[in-house]
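Data from run_9.tsv: TSV, C-alpha atoms
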```
chain	number	residue	atom	x	y	z
A	273	MET	CA	0.00	0.00	0.00
A	274	ASN	CA	1.23	3.41	-0.80
A	275	SER	CA	0.92	6.39	1.52
A	276	SER	CA	-2.03	7.84	-0.37
A	277	GLN	CA	-4.04	4.62	0.17
A	278	GLN	CA	-3.24	4.66	3.87
A	279	LYS	CA	-4.57	8.20	4.15
A	280	MET	CA	-7.85	7.27	2.45
A	281	LEU	CA	-10.76	6.04	4.58
A	282	LEU	CA	-13.92	4.62	3.04
A	283	PRO	CA	-17.37	5.52	4.46
A	284	ASP	CA	-17.64	2.10	6.12
A	285	ASP	CA	-14.35	2.76	7.93
A	286	VAL	CA	-15.57	6.20	9.00
A	287	LYS	CA	-18.84	4.71	10.29
A	288	LYS	CA	-16.90	2.21	12.40
A	289	LEU	CA	-14.43	4.76	13.71
A	290	LEU	CA	-17.03	7.37	14.65
A	291	ASN	CA	-19.79	4.89	15.50
A	292	VAL	CA	-22.33	6.71	13.30
A	293	ASP	CA	-24.59	5.88	10.35
A	294	ASN	CA	-24.65	7.41	6.84
A	295	ARG	CA	-27.18	10.09	7.78
A	296	GLU	CA	-25.01	11.27	10.68
A	297	ILE	CA	-21.94	11.35	8.43
A	298	VAL	CA	-23.81	13.61	6.01
A	299	GLU	CA	-24.86	15.90	8.91
A	300	LEU	CA	-21.30	16.07	10.23
A	301	CYS	CA	-20.01	16.85	6.74
A	302	LYS	CA	-22.44	19.74	6.47
A	303	LYS	CA	-21.37	21.13	9.84
A	304	THR	CA	-17.66	20.88	9.08
A	305	SER	CA	-17.83	21.79	5.40
A	306	VAL	CA	-16.07	18.53	4.54
A	307	ASN	CA	-16.80	17.29	1.04
A	308	PRO	CA	-16.14	13.61	0.49
A	309	ARG	CA	-14.05	12.87	-2.60
A	310	ARG	CA	-14.16	10.08	-5.14
A	311	ASN	CA	-11.21	7.95	-6.12
A	312	SER	CA	-10.42	6.77	-9.63
A	313	ASP	CA	-12.79	3.82	-9.17
A	314	GLY	CA	-15.65	6.21	-8.23
A	315	LYS	CA	-15.69	5.18	-4.58
A	316	ILE	CA	-16.20	7.82	-1.91
A	317	TYR	CA	-13.33	8.34	0.53
A	318	PHE	CA	-12.23	10.68	3.31
A	319	SER	CA	-8.75	11.78	4.27
A	320	ILE	CA	-7.48	11.26	7.79
A	321	GLU	CA	-7.59	15.01	8.41
A	322	GLU	CA	-11.24	15.14	7.30
A	323	VAL	CA	-12.12	12.23	9.58
A	324	LYS	CA	-10.44	14.08	12.47
A	325	LYS	CA	-12.62	17.12	11.69
A	326	LEU	CA	-15.72	14.89	11.62
A	327	LYS	CA	-14.68	13.31	14.91
A	328	ASN	CA	-14.24	16.75	16.53
A	329	ALA	CA	-17.62	17.85	15.18
A	330	LYS	CA	-19.25	14.71	16.57
A	331	SER	CA	-17.74	15.22	20.02
A	332	SER	CA	-18.88	18.86	20.04
A	333	VAL	CA	-22.43	17.71	19.09
A	334	ILE	CA	-22.32	15.13	21.88
A	335	ASN	CA	-21.10	17.78	24.33
A	336	LYS	CA	-23.93	20.12	23.32
A	337	MET	CA	-26.47	17.32	23.75
A	338	THR	CA	-25.02	16.49	27.16
A	339	ASP	CA	-25.17	20.15	28.16
A	340	LYS	CA	-28.81	20.37	27.01
A	341	LYS	CA	-29.67	17.25	28.99
A	342	ALA	CA	-27.89	18.65	32.03
A	343	LEU	CA	-29.72	21.94	31.63
A	344	SER	CA	-33.04	20.20	31.20
A	345	VAL	CA	-32.36	18.10	34.29
A	346	ILE	CA	-31.36	21.21	36.20
A	347	SER	CA	-34.30	23.21	34.93
A	348	LYS	CA	-36.81	20.49	35.77
A	349	PRO	CA	-37.94	21.03	39.34
A	350	ASN	CA	-37.74	17.96	41.47
A	351	SER	CA	-40.99	16.25	42.30
A	352	GLN	CA	-40.75	16.98	46.02
A	353	ALA	CA	-40.59	20.73	45.33
A	354	VAL	CA	-43.66	20.42	43.12
A	355	VAL	CA	-45.49	18.48	45.82
A	356	ASN	CA	-44.47	21.02	48.45
A	357	ASN	CA	-45.63	23.86	46.21
A	358	LEU	CA	-48.99	22.13	45.69
A	359	LEU	CA	-49.34	21.55	49.43
A	360	ASP	CA	-48.61	25.20	50.14
A	361	THR	CA	-51.18	26.25	47.55
A	362	LEU	CA	-53.76	23.88	49.04
A	363	ASN	CA	-53.05	25.20	52.54
A	364	GLN	CA	-53.53	28.77	51.31
A	365	MET	CA	-56.78	27.81	49.61
A	366	GLU	CA	-57.99	26.05	52.77
A	367	SER	CA	-57.10	29.08	54.87
A	368	ASN	CA	-58.91	31.41	52.44
A	369	ILE	CA	-62.01	29.19	52.45
A	370	ILE	CA	-62.04	28.98	56.24
A	371	THR	CA	-61.58	32.74	56.58
A	372	SER	CA	-64.33	33.60	54.11
A	373	THR	CA	-66.72	31.00	55.59
A	374	THR	CA	-66.06	32.25	59.11
A	375	LYS	CA	-66.66	35.83	58.01
A	376	LEU	CA	-69.91	34.85	56.27
A	377	ILE	CA	-71.18	32.92	59.29
A	378	ASP	CA	-70.24	35.78	61.63
A	379	GLU	CA	-72.18	38.22	59.45
A	380	LYS	CA	-75.23	35.94	59.37
A	381	LEU	CA	-75.14	35.31	63.13
A	382	GLU	CA	-74.34	38.92	64.03
A	383	GLY	CA	-77.85	39.63	65.40
A	384	MET	CA	-78.27	36.21	67.00
A	385	ASP	CA	-76.79	37.34	70.34
A	386	ASP	CA	-79.55	39.92	70.71
A	387	VAL	CA	-82.14	37.33	69.70
A	388	VAL	CA	-80.85	34.87	72.30
A	389	LEU	CA	-80.90	37.54	75.02
A	390	GLU	CA	-84.46	38.52	74.05
A	391	LEU	CA	-85.48	34.85	74.10
A	392	VAL	CA	-84.06	34.39	77.61
A	393	ARG	CA	-85.81	37.58	78.78
A	394	CYS	CA	-89.12	36.38	77.28
A	395	LYS	CA	-88.75	32.97	78.91
A	396	THR	CA	-88.14	34.58	82.30
A	397	GLU	CA	-91.12	36.88	81.82
A	398	ASN	CA	-93.25	33.91	80.77
A	399	GLU	CA	-92.31	32.02	83.97
A	400	ASN	CA	-93.16	35.10	86.06
A	401	LEU	CA	-96.54	35.40	84.34
A	402	LYS	CA	-97.27	31.69	84.92
A	403	ASN	CA	-96.54	32.14	88.63
A	404	LYS	CA	-98.80	35.21	88.73
A	405	VAL	CA	-101.61	33.27	86.96
A	406	ASN	CA	-101.26	30.47	89.54
A	407	GLU	CA	-101.48	32.99	92.42
A	408	LEU	CA	-104.53	34.67	90.85
A	409	ASN	CA	-106.21	31.26	90.37
A	410	LYS	CA	-105.61	30.46	94.04
A	411	GLU	CA	-107.01	33.86	95.07
A	412	ASN	CA	-110.00	33.39	92.75
A	413	PHE	CA	-110.70	29.96	94.24
A	414	LYS	CA	-110.43	31.39	97.75
A	415	LEU	CA	-112.80	34.30	96.92
A	416	LYS	CA	-115.34	31.91	95.33
A	417	ASN	CA	-115.30	29.81	98.49
A	418	ILE	CA	-115.85	32.92	100.61
A	419	LEU	CA	-118.70	33.98	98.31
A	420	ASN	CA	-120.29	30.55	98.53
A	421	SER	CA	-120.14	30.73	102.33
A	422	PHE	CA	-122.88	33.42	102.29
A	423	LYS	CA	-126.49	32.16	102.20
A	424	PRO	CA	-129.28	34.48	101.11
A	425	LEU	CA	-131.93	35.45	103.65
A	426	VAL	CA	-134.90	37.68	103.09
A	427	ALA	CA	-134.81	40.97	101.20
A	428	GLY	CA	-131.16	41.00	100.16
A	429	PHE	CA	-129.70	40.00	103.46
A	430	TYR	CA	-127.12	37.27	103.63
A	431	ILE	CA	-125.81	35.15	106.45
A	432	LYS	CA	-122.32	33.79	106.54
A	433	LYS	CA	-121.82	30.10	107.23
A	434	GLU	CA	-118.76	28.69	108.91
A	435	GLU	CA	-115.88	28.38	106.48
A	436	GLU	CA	-114.56	24.95	105.89
A	437	ASN	CA	-110.91	24.53	106.72
A	438	ASN	CA	-110.08	22.39	103.68
A	439	ILE	CA	-109.51	25.34	101.46
A	440	LEU	CA	-106.21	25.14	99.66
A	441	LEU	CA	-104.15	28.21	100.10
```

structure tokens encoding of this file:
Amino acid sequence: MNSSQQKMLLPDDVKKLLNVDNREIVELCKKTSVNPRRNSDGKIYFSIEEVKKLKNAKSSVINKMTDKKALSVISKPNSQAVVNNLLDTLNQMESNIITSTTKLIDEKLEGMDDVVLELVRCKTENENLKNKVNELNKENFKLKNILNSFKPLVAGFYIKKEEENNILL
């Protein structure tokens, strides 16, 4: 083999060296402005210098992809932070709901204290009136018994009989 054949690499050799397929070789050629040449038999070949350029271009593409993956991993928030954020949001919502419900109930029950006091006053007054009715009934019964103890005589005169002692007082 002469030195020019040693410096020539066929596409299959390039694929093996760079661990790429034909499509990736074409992409790398576009990025590096490497144009594959044809030998006298019409076969495509690359020089060693061109393969080195392709190899450098591939490693820079891999580095960029690694950087993007690293950035995407860094930029993705971890799941615990998301969960904590959701929990905080839920706690705030719960607090807001409790506050607004408490305020609404307080507004609705604002006059209830006065109503309860009026109800207690009415109940006390009702008990007092019941006691007074009972006393008046006792007095009425007593007065009826006294009235029944008088017996009519002639011409509008009345005589009082002895009162019975079984009157309830």

Q | Close residues, stretch 301-312 of chain A itself excluded, 8 Å, only C-alpha atoms, min 5 positions apart in chain, as a list in words | A | Tyr317, Phe318, Glu322, Lys325, Leu326 and Ala329 of chain A

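One finds atom CA of A:Ser319 at 4.9 Å from atom CA of A:Met280.
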
Near A:Lys432, within 7 Å and counting all atoms listed in the file, which residues show up once chain neighbours fewer than 5 positions away are dropped, as a list in words?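 That gives Ser421, Phe422 and Lys423 of chain A.
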
- request: Check the smallest atom-to-atom distance from each of A:Val354, A:Val292, A:Leu281, A:Met365 to A:Val323 using all atoms listed in the file, then report the winner.
  value: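 Closest to A:Val323, using all atoms listed in the file: A:Leu281.
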
As an exercise, work out the distance from atom CA of A:Leu282 to atom CA of A:Ile320 in Å and give it to one decimal place.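 If I compute the distance from atom CA of A:Leu282 to atom CA of A:Ile320, I get 10.4 Å.
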